[in-house]
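Here is the file data_38.pdb (PDB, C-alpha atoms, pLDDT in the B column).
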```pdb
ATOM      1  CA  MET A   2       0.000   0.000   0.000  1.00 79.00           C
ATOM      2  CA  ARG A   3       1.368   3.397  -0.996  1.00 92.00           C
ATOM      3  CA  LYS A   4       1.453   5.926   1.826  1.00 98.00           C
ATOM      4  CA  PHE A   5       1.294   9.703   1.664  1.00 98.00           C
ATOM      5  CA  LEU A   6       3.641  11.477   4.074  1.00 98.00           C
ATOM      6  CA  VAL A   7       2.505  14.819   5.523  1.00 98.00           C
ATOM      7  CA  VAL A   8       4.626  16.974   7.815  1.00 97.00           C
ATOM      8  CA  VAL A   9       2.368  18.141  10.633  1.00 96.00           C
ATOM      9  CA  ASP A  10       2.749  21.443  12.429  1.00 92.00           C
ATOM     10  CA  HIS A  11       0.409  24.284  13.408  1.00 89.00           C
ATOM     11  CA  THR A  12       0.289  26.133  10.086  1.00 88.00           C
ATOM     12  CA  PRO A  13      -2.727  26.533   7.771  1.00 87.00           C
ATOM     13  CA  GLU A  14      -0.730  25.059   4.884  1.00 91.00           C
ATOM     14  CA  CYS A  15      -0.254  21.869   6.906  1.00 93.00           C
ATOM     15  CA  MET A  16      -4.025  21.466   7.002  1.00 94.00           C
ATOM     16  CA  ASN A  17      -4.258  21.835   3.220  1.00 95.00           C
ATOM     17  CA  ALA A  18      -1.549  19.211   2.721  1.00 97.00           C
ATOM     18  CA  LEU A  19      -3.227  16.877   5.190  1.00 97.00           C
ATOM     19  CA  ARG A  20      -6.615  17.216   3.490  1.00 97.00           C
ATOM     20  CA  PHE A  21      -5.076  16.552   0.071  1.00 98.00           C
ATOM     21  CA  ALA A  22      -3.203  13.488   1.344  1.00 98.00           C
ATOM     22  CA  ALA A  23      -6.296  12.096   3.068  1.00 97.00           C
ATOM     23  CA  ARG A  24      -8.442  12.542  -0.037  1.00 97.00           C
ATOM     24  CA  ARG A  25      -5.785  10.984  -2.311  1.00 97.00           C
ATOM     25  CA  ALA A  26      -5.380   8.069   0.099  1.00 97.00           C
ATOM     26  CA  ALA A  27      -9.124   7.472   0.001  1.00 96.00           C
ATOM     27  CA  ARG A  28      -9.213   7.512  -3.803  1.00 95.00           C
ATOM     28  CA  THR A  29      -6.136   5.337  -4.270  1.00 95.00           C
ATOM     29  CA  HIS A  30      -6.648   2.959  -1.324  1.00 95.00           C
ATOM     30  CA  GLY A  31      -3.463   4.266   0.237  1.00 96.00           C
ATOM     31  CA  GLY A  32      -2.384   5.263   3.704  1.00 97.00           C
ATOM     32  CA  VAL A  33      -1.426   8.474   5.450  1.00 98.00           C
ATOM     33  CA  THR A  34       1.596   8.993   7.657  1.00 98.00           C
ATOM     34  CA  MET A  35       1.719  12.159   9.737  1.00 98.00           C
ATOM     35  CA  LEU A  36       5.242  13.247  10.690  1.00 98.00           C
ATOM     36  CA  TYR A  37       5.756  15.743  13.490  1.00 97.00           C
ATOM     37  CA  VAL A  38       9.309  17.044  13.855  1.00 97.00           C
ATOM     38  CA  ILE A  39      10.441  18.471  17.167  1.00 95.00           C
ATOM     39  CA  GLU A  40      13.216  20.940  16.499  1.00 89.00           C
ATOM     40  CA  PRO A  41      15.946  20.798  19.162  1.00 83.00           C
ATOM     41  CA  GLU A  42      16.793  23.798  21.270  1.00 74.00           C
ATOM     42  CA  GLU A  43      20.061  24.522  22.988  1.00 68.00           C
ATOM     43  CA  TYR A  44      20.010  24.507  26.803  1.00 62.00           C
ATOM     44  CA  HIS A  45      23.509  24.863  28.107  1.00 59.00           C
ATOM     45  CA  HIS A  46      22.963  25.584  31.764  1.00 63.00           C
ATOM     46  CA  TRP A  47      19.667  24.065  32.802  1.00 68.00           C
ATOM     47  CA  ALA A  48      19.528  20.338  32.039  1.00 66.00           C
ATOM     48  CA  GLY A  49      16.440  19.840  34.227  1.00 72.00           C
ATOM     49  CA  VAL A  50      14.592  22.597  32.418  1.00 74.00           C
ATOM     50  CA  ALA A  51      15.598  21.099  29.067  1.00 73.00           C
ATOM     51  CA  GLU A  52      14.162  17.698  30.050  1.00 79.00           C
ATOM     52  CA  VAL A  53      10.855  19.230  31.125  1.00 82.00           C
ATOM     53  CA  MET A  54      10.622  21.248  27.916  1.00 83.00           C
ATOM     54  CA  GLU A  55      11.408  18.193  25.785  1.00 86.00           C
ATOM     55  CA  ARG A  56       8.639  16.218  27.514  1.00 89.00           C
ATOM     56  CA  GLU A  57       6.238  19.121  26.955  1.00 91.00           C
ATOM     57  CA  LYS A  58       7.148  19.303  23.259  1.00 92.00           C
ATOM     58  CA  ARG A  59       6.617  15.576  22.857  1.00 93.00           C
ATOM     59  CA  ALA A  60       3.239  15.785  24.610  1.00 94.00           C
ATOM     60  CA  GLU A  61       2.282  18.684  22.323  1.00 94.00           C
ATOM     61  CA  ALA A  62       3.281  16.625  19.273  1.00 95.00           C
ATOM     62  CA  GLU A  63       1.227  13.645  20.451  1.00 95.00           C
ATOM     63  CA  GLU A  64      -1.748  15.913  21.153  1.00 94.00           C
ATOM     64  CA  ARG A  65      -1.576  17.488  17.702  1.00 94.00           C
ATOM     65  CA  LEU A  66      -1.313  14.142  15.911  1.00 96.00           C
ATOM     66  CA  THR A  67      -4.165  12.650  17.913  1.00 94.00           C
ATOM     67  CA  ALA A  68      -6.376  15.667  17.231  1.00 93.00           C
ATOM     68  CA  LEU A  69      -5.775  15.411  13.483  1.00 95.00           C
ATOM     69  CA  ALA A  70      -6.245  11.635  13.287  1.00 96.00           C
ATOM     70  CA  ASP A  71     -10.038  11.898  13.485  1.00 93.00           C
ATOM     71  CA  GLU A  72     -10.081  14.413  10.656  1.00 92.00           C
ATOM     72  CA  VAL A  73      -7.920  12.182   8.451  1.00 95.00           C
ATOM     73  CA  ARG A  74     -10.138   9.198   9.251  1.00 95.00           C
ATOM     74  CA  ALA A  75     -13.283  11.203   8.401  1.00 94.00           C
ATOM     75  CA  LEU A  76     -11.799  12.378   5.089  1.00 94.00           C
ATOM     76  CA  SER A  77     -10.265   9.089   3.989  1.00 93.00           C
ATOM     77  CA  GLY A  78     -11.596   6.221   6.058  1.00 94.00           C
ATOM     78  CA  VAL A  79      -7.969   5.478   6.951  1.00 91.00           C
ATOM     79  CA  LEU A  80      -6.415   5.540  10.397  1.00 94.00           C
ATOM     80  CA  PRO A  81      -3.159   7.475   9.908  1.00 97.00           C
ATOM     81  CA  GLU A  82       0.216   6.454  11.231  1.00 97.00           C
ATOM     82  CA  PHE A  83       1.980   8.799  13.662  1.00 96.00           C
ATOM     83  CA  VAL A  84       5.707   9.480  13.595  1.00 98.00           C
ATOM     84  CA  ILE A  85       7.527  11.868  15.925  1.00 97.00           C
ATOM     85  CA  ARG A  86      11.156  12.638  15.200  1.00 97.00           C
ATOM     86  CA  GLU A  87      13.576  15.052  16.819  1.00 95.00           C
ATOM     87  CA  GLY A  88      15.988  17.138  14.798  1.00 94.00           C
ATOM     88  CA  GLU A  89      16.075  19.595  11.926  1.00 95.00           C
ATOM     89  CA  ALA A  90      12.893  19.266   9.841  1.00 94.00           C
ATOM     90  CA  THR A  91      14.466  18.795   6.402  1.00 95.00           C
ATOM     91  CA  ALA A  92      16.898  16.164   7.634  1.00 95.00           C
ATOM     92  CA  GLU A  93      14.184  14.305   9.534  1.00 97.00           C
ATOM     93  CA  VAL A  94      11.821  14.243   6.543  1.00 96.00           C
ATOM     94  CA  LEU A  95      14.591  12.802   4.379  1.00 96.00           C
ATOM     95  CA  ALA A  96      15.539  10.288   7.084  1.00 97.00           C
ATOM     96  CA  HIS A  97      11.949   9.116   7.421  1.00 97.00           C
ATOM     97  CA  LEU A  98      11.603   8.720   3.664  1.00 97.00           C
ATOM     98  CA  LYS A  99      14.681   6.499   3.781  1.00 96.00           C
ATOM     99  CA  ASP A 100      13.394   4.534   6.789  1.00 97.00           C
ATOM    100  CA  ASP A 101       9.917   3.846   5.366  1.00 97.00           C
ATOM    101  CA  PRO A 102      10.023   2.496   1.793  1.00 96.00           C
ATOM    102  CA  ALA A 103       6.201   2.355   1.682  1.00 97.00           C
ATOM    103  CA  ILE A 104       6.041   6.155   1.480  1.00 98.00           C
ATOM    104  CA  GLY A 105       5.157   6.886  -2.134  1.00 97.00           C
ATOM    105  CA  VAL A 106       4.494  10.624  -2.064  1.00 97.00           C
ATOM    106  CA  LEU A 107       5.533  13.519   0.163  1.00 97.00           C
ATOM    107  CA  VAL A 108       2.733  16.094   0.434  1.00 97.00           C
ATOM    108  CA  LEU A 109       3.665  19.627   1.495  1.00 96.00           C
ATOM    109  CA  GLY A 110       1.572  22.745   1.800  1.00 94.00           C
ATOM    110  CA  ALA A 111       2.825  26.020   0.354  1.00 93.00           C
ATOM    111  CA  SER A 112       2.420  29.161   2.406  1.00 88.00           C
ATOM    112  CA  ILE A 113       0.638  32.167   0.967  1.00 84.00           C
ATOM    113  CA  ALA A 114       1.934  34.488   3.677  1.00 79.00           C
ATOM    114  CA  GLY A 115       5.354  36.108   3.585  1.00 70.00           C
ATOM    115  CA  GLU A 116       8.036  35.517   1.014  1.00 70.00           C
ATOM    116  CA  GLY A 117       8.281  32.193  -0.744  1.00 75.00           C
ATOM    117  CA  PRO A 118       6.379  28.955  -0.263  1.00 85.00           C
ATOM    118  CA  GLY A 119       7.795  28.243   3.201  1.00 85.00           C
ATOM    119  CA  PRO A 120      11.073  26.901   4.532  1.00 86.00           C
ATOM    120  CA  LEU A 121      10.325  23.205   4.140  1.00 89.00           C
ATOM    121  CA  VAL A 122       9.036  23.526   0.580  1.00 89.00           C
ATOM    122  CA  SER A 123      12.046  25.672  -0.298  1.00 87.00           C
ATOM    123  CA  ALA A 124      14.519  23.257   1.270  1.00 88.00           C
ATOM    124  CA  LEU A 125      13.049  20.067  -0.174  1.00 88.00           C
ATOM    125  CA  VAL A 126      11.731  21.192  -3.538  1.00 85.00           C
ATOM    126  CA  ALA A 127      13.704  24.246  -4.601  1.00 78.00           C
ATOM    127  CA  LYS A 128      17.092  23.134  -3.276  1.00 80.00           C
ATOM    128  CA  ARG A 129      16.857  19.347  -3.713  1.00 76.00           C
ATOM    129  CA  GLY A 130      14.599  19.300  -6.762  1.00 70.00           C
ATOM    130  CA  GLY A 131      15.130  16.123  -8.734  1.00 77.00           C
ATOM    131  CA  ARG A 132      17.146  14.470  -5.983  1.00 87.00           C
ATOM    132  CA  MET A 133      14.121  13.661  -3.820  1.00 92.00           C
ATOM    133  CA  PRO A 134      13.613   9.926  -3.249  1.00 93.00           C
ATOM    134  CA  VAL A 135       9.835  10.180  -3.871  1.00 95.00           C
ATOM    135  CA  PRO A 136       7.552  12.519  -5.817  1.00 94.00           C
ATOM    136  CA  VAL A 137       6.585  15.677  -3.958  1.00 95.00           C
ATOM    137  CA  THR A 138       3.133  17.227  -4.210  1.00 95.00           C
ATOM    138  CA  VAL A 139       2.966  20.874  -3.157  1.00 95.00           C
ATOM    139  CA  VAL A 140      -0.552  22.006  -2.325  1.00 95.00           C
ATOM    140  CA  PRO A 141      -0.973  25.755  -2.966  1.00 93.00           C
ATOM    141  CA  GLY A 142      -1.954  27.655   0.151  1.00 90.00           C
ATOM    142  CA  GLY A 143      -4.651  29.664  -1.583  1.00 90.00           C
ATOM    143  CA  LEU A 144      -6.842  26.692  -2.520  1.00 93.00           C
ATOM    144  CA  THR A 145     -10.265  26.304  -0.949  1.00 93.00           C
ATOM    145  CA  LEU A 146     -11.324  23.041   0.674  1.00 93.00           C
ATOM    146  CA  ASP A 147     -13.568  22.304  -2.306  1.00 95.00           C
ATOM    147  CA  GLU A 148     -10.689  22.917  -4.732  1.00 96.00           C
ATOM    148  CA  ILE A 149      -8.436  20.580  -2.747  1.00 96.00           C
ATOM    149  CA  ASP A 150     -11.124  17.897  -2.781  1.00 95.00           C
ATOM    150  CA  GLU A 151     -11.611  18.344  -6.524  1.00 95.00           C
ATOM    151  CA  ILE A 152      -7.966  17.948  -7.470  1.00 94.00           C
ATOM    152  CA  ALA A 153      -7.260  15.156  -4.985  1.00 92.00           C
TER     153      ALA A 153
END
```

If you took the structure in this file and wrote it as structure tokens, what would it be?
Amino acid sequence: MRKFLVVVDHTPECMNALRFAARRAARTHGGVTMLYVIEPEEYHHWAGVAEVMEREKRAEAEERLTALADEVRALSGVLPEFVIREGEATAEVLAHLKDDPAIGVLVLGASIAGEGPGPLVSALVAKRGGRMPVPVTVVPGGLTLDEIDEIA
């Protein structure tokens, strides 16, 4: 079964990518994997504080993934897989693609705010381009829910 990988965060473009992936999974009898990347922070003097903050970040990641699972299931009929990784987002996406050969498509949402499509889209699509191990679908940030459903 081909799986669609979506990087989950708290941005509106993440929701567009997740909706697209869920709808495509439903139409192609595929799966959805939601990847949440916890970016490390430097704590040089307060190891105890760092441990508490890391636990809080992990709990936040689990909460976010759990909250979105029902939406993915409603859109696709598929129970998504959860993956939480720690590190720099681009490196962790690439590492997960290498670790899970069932991932067939990486789905990213493009931002409509600010300059450019967003850091992850820029890093993985603009800089890596044809060297990605799987096809990448970039969902434009300005699409409506109906438009996403139509193209998925």

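You will find atom CA of A:Leu146 at 16.8 Å from atom CA of A:Val7.
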
**Asked** If the PyMOL selection byres ((chain A and resi 37) around 6) is run on the structure shown, which residues does it catch, given as JSON, numbers by chain?
**Response** {"A": [8, 9, 36, 38, 85]}

**Option closest in space to A:Ala124, from A:Met54, A:Thr91, A:Ala27, A:Glu63 [counting all atoms listed in the file]** = A:Thr91

**Prompt:** If we count all atoms listed in the file, what is near A:Lys4 at a cut-off of 7 Å, once residues fewer than 5 positions away on the same chain are taken out, given as a ChimeraX atom specification?
**Reply:** /A:31-34,103-106

**Request:** Run the PyMOL selection byres ((chain A and resi 145) around 12) on the file and write out the hits as a PyMOL selection string.
**Result:** chain A and resi 13-14+16-18+20-21+140-144+146-152
